[in-house]
Amino acid sequence: MAGKIHNAFDNIKANSQLKQSTKQFISEKHNGKILPARCRPALQQRFAILCIALIIVAGINGYVWIKTPVSYISIDVNPSIELALDRFDRVLYVTAYNAEGEEVIKDLHLEGKIYTYAIDTIVESQTMNIYLTEESELVFTIAAESSHESSINIGVKTSYGHSGHSSHSITADTGIVQDAHDSGLSIGKYYLYLQLIQYDNTITTDDCHNMSMSEMQGIITGHGHDTDNTDTNNGYSGNNGCSTEEHHHEGNHE
């Protein structure tokens, strides 16, 4: 935690004019000049204003730094839900990408919660369990900065490993995030869309809006490919040049 806070201040920047004014004031104060008494209150006031301005700039930059998402986790079955995480792995906001997803999250309050708590809350909710049948596949897709990717992968696997449902996780490059959101899809569905168009380029992102993950995977399987086969998906590059790697895990059925 201390290291993350230290990095926050490394990212704080004041504009060049403010820096130059402060340097000039300090230089005048320490170069041996004796200022007239009548000038001192004005200079002290100027220095106080500069200090306040620096504090404001630092606060704004620090707030933006903390509130900028660096990791995303999508949870897809038929409900399509995505968590955006800050640098401390806490949920900044939750987005539902279809009506089923909206129904799942409408009474959940997940902002500010650690992501593992958010995942458990979503998966264990009564509304989500309606969709977690024997035929359904629970898919977690992770797109994170390299410094967070490993720990988030472990946390996600721990969460879905004891869920009791058939599930697996996918690690996607952060390069697909903006394209996925521009298409109105979670990163999980967009990842499968990039695979689908390798076998059927007539399928559109609009088509994927109304398809469950099992349906999308079924189409790929129908073309003789298995999305759960790690060897076939490692190193895959979509049209945007990003690479993804899939890790499969089957939950224990009870």
# chains A, B, ... in the order shown; residues from 1 in each chain; ligands from 1
>>> residues_around(residues="Arg87 of chain A", least_positions_apart="6", cutoff="8 Å", atoms="only C-alpha atoms", output="list in words")
Lys4, Ile66, Thr68, Pro69, Val70 and Ser71 of chain A
>>> write_last_selection(atoms="C-alpha atoms", output="short mmCIF file (atom, residue, chain, number, x, y, z; two decimals), in the first residue's frame")
data_model
loop_
_atom_site.label_atom_id
_atom_site.label_comp_id
_atom_site.auth_asym_id
_atom_site.auth_seq_id
_atom_site.Cartn_x
_atom_site.Cartn_y
_atom_site.Cartn_z
CA LYS A 4 1.24 2.56 -4.32
CA ILE A 66 -6.79 6.94 -8.05
CA THR A 68 -8.61 5.84 -13.34
CA PRO A 69 -9.43 2.15 -14.05
CA VAL A 70 -6.38 -0.03 -14.64
CA SER A 71 -8.02 -3.46 -14.61
#
>>> atom_distance(atom1="atom CA of Ile130 of chain A", atom2="atom CA of Gly101 of chain A")
11.8 Å
>>> residues_around(residues="Ile187 of chain A", least_positions_apart="5", cutoff="10 Å", atoms="only C-alpha atoms", output="list in words")
Tyr72, Ile73, Ser74, Ile75, Asp76, Ser80, Ile81, Glu82, Phe140, Thr141, Ile142, Ala143, Ile170, Ala172, Asp173, Thr174, Ile176, Val177, Gln178, Asp179, Ala180, His181, Leu192 and Tyr193 of chain A
>>> write_last_selection(atoms="N, CA, C and O atoms", output="short mmCIF file (atom, residue, chain, number, x, y, z; two decimals), in the first residue's frame")
data_model
loop_
_atom_site.label_atom_id
_atom_site.label_comp_id
_atom_site.auth_asym_id
_atom_site.auth_seq_id
_atom_site.Cartn_x
_atom_site.Cartn_y
_atom_site.Cartn_z
N TYR A 72 -9.85 -4.67 -15.59
CA TYR A 72 -11.25 -4.98 -15.86
C TYR A 72 -11.47 -6.48 -15.72
O TYR A 72 -10.62 -7.28 -16.12
N ILE A 73 -12.61 -6.84 -15.16
CA ILE A 73 -12.99 -8.25 -15.06
C ILE A 73 -14.43 -8.36 -15.54
O ILE A 73 -15.33 -7.72 -14.98
N SER A 74 -14.65 -9.14 -16.59
CA SER A 74 -16.03 -9.36 -17.03
C SER A 74 -16.50 -10.73 -16.54
O SER A 74 -15.71 -11.67 -16.43
N ILE A 75 -17.78 -10.79 -16.20
CA ILE A 75 -18.42 -12.01 -15.73
C ILE A 75 -19.58 -12.27 -16.69
O ILE A 75 -20.55 -11.52 -16.71
N ASP A 76 -19.44 -13.32 -17.50
CA ASP A 76 -20.42 -13.56 -18.57
C ASP A 76 -20.99 -14.96 -18.48
O ASP A 76 -20.26 -15.95 -18.35
N SER A 80 -24.30 -10.31 -18.68
CA SER A 80 -22.97 -9.85 -19.05
C SER A 80 -22.63 -8.63 -18.19
O SER A 80 -23.23 -7.57 -18.34
N ILE A 81 -21.67 -8.81 -17.29
CA ILE A 81 -21.35 -7.80 -16.28
C ILE A 81 -19.85 -7.56 -16.27
O ILE A 81 -19.07 -8.49 -16.47
N GLU A 82 -19.46 -6.31 -16.03
CA GLU A 82 -18.03 -6.01 -16.01
C GLU A 82 -17.68 -5.10 -14.83
O GLU A 82 -18.39 -4.14 -14.53
N PHE A 140 -14.99 -15.83 -16.85
CA PHE A 140 -14.37 -14.61 -16.31
C PHE A 140 -13.27 -14.20 -17.29
O PHE A 140 -12.43 -15.01 -17.67
N THR A 141 -13.29 -12.94 -17.68
CA THR A 141 -12.26 -12.43 -18.58
C THR A 141 -11.55 -11.27 -17.89
O THR A 141 -12.20 -10.34 -17.40
N ILE A 142 -10.22 -11.33 -17.86
CA ILE A 142 -9.42 -10.35 -17.12
C ILE A 142 -8.54 -9.58 -18.10
O ILE A 142 -7.83 -10.16 -18.91
N ALA A 143 -8.62 -8.26 -18.02
CA ALA A 143 -7.70 -7.40 -18.77
C ALA A 143 -7.11 -6.43 -17.75
O ALA A 143 -7.82 -5.61 -17.18
N ILE A 170 -10.26 -16.27 -18.67
CA ILE A 170 -9.50 -15.88 -19.86
C ILE A 170 -8.71 -14.64 -19.51
O ILE A 170 -9.23 -13.73 -18.87
N ALA A 172 -7.02 -11.49 -21.20
CA ALA A 172 -7.02 -10.76 -22.46
C ALA A 172 -6.11 -9.55 -22.37
O ALA A 172 -5.90 -9.00 -21.29
N ASP A 173 -5.59 -9.13 -23.50
CA ASP A 173 -4.77 -7.94 -23.54
C ASP A 173 -5.64 -6.70 -23.31
O ASP A 173 -6.79 -6.64 -23.75
N THR A 174 -5.10 -5.71 -22.61
CA THR A 174 -5.86 -4.49 -22.36
C THR A 174 -6.20 -3.74 -23.65
O THR A 174 -7.06 -2.86 -23.65
N ILE A 176 -7.92 -4.69 -26.03
CA ILE A 176 -9.27 -4.94 -26.54
C ILE A 176 -10.34 -4.16 -25.76
O ILE A 176 -11.49 -4.11 -26.18
N VAL A 177 -9.96 -3.55 -24.63
CA VAL A 177 -10.95 -2.94 -23.75
C VAL A 177 -11.75 -1.85 -24.46
O VAL A 177 -12.99 -1.87 -24.45
N GLN A 178 -11.07 -0.89 -25.07
CA GLN A 178 -11.77 0.22 -25.70
C GLN A 178 -12.64 -0.26 -26.86
O GLN A 178 -13.78 0.20 -27.03
N ASP A 179 -12.11 -1.18 -27.69
CA ASP A 179 -12.89 -1.70 -28.81
C ASP A 179 -14.13 -2.44 -28.31
O ASP A 179 -15.21 -2.34 -28.91
N ALA A 180 -13.98 -3.19 -27.23
CA ALA A 180 -15.13 -3.91 -26.66
C ALA A 180 -16.20 -2.94 -26.21
O ALA A 180 -17.39 -3.10 -26.53
N HIS A 181 -15.79 -1.92 -25.48
CA HIS A 181 -16.76 -0.95 -24.97
C HIS A 181 -17.39 -0.14 -26.08
O HIS A 181 -18.58 0.19 -26.02
N LEU A 192 -14.64 -13.45 -27.37
CA LEU A 192 -15.20 -14.56 -28.15
C LEU A 192 -15.60 -14.11 -29.55
O LEU A 192 -15.48 -14.86 -30.51
N TYR A 193 -16.07 -12.86 -29.66
CA TYR A 193 -16.41 -12.33 -30.98
C TYR A 193 -15.19 -12.35 -31.90
O TYR A 193 -15.29 -12.73 -33.08
#
>>> closest_residue(among="A:Ser136, A:Ser167, A:Thr116, A:Asn129", to="Ile154 of chain A", atoms="only C-alpha atoms")
A:Thr116
>>> closest_residue(among="A:Ser147, A:Asn78, A:Thr221, A:Thr121", to="Asn98 of chain A", atoms="only C-alpha atoms")
A:Asn78
>>> closest_residue(among="A:Glu111, A:Leu132, A:Glu137, A:Ile197", to="Glu215 of chain A", atoms="only C-alpha atoms")
A:Glu137
>>> residues_around(residues="Glu124 of chain A", least_positions_apart="4", cutoff="12 Å", atoms="only C-alpha atoms", output="list in words")
Val104, Ile105, Leu108, Tyr117, Ala118, Ile119, Asp120, Met128, Asn129, Ile130, Tyr131, Leu132, Ser159, Tyr160, His162, Ser163, Gly164 and His165 of chain A
>>> closest_residue(among="A:Val77, A:Asp200, A:Thr171, A:Leu83", to="Ser150 of chain A", atoms="only C-alpha atoms")
A:Thr171
>>> closest_residue(among="A:Ser186, A:Thr158, A:Gln198, A:Thr127", to="Met213 of chain A", atoms="only C-alpha atoms")
A:Ser186
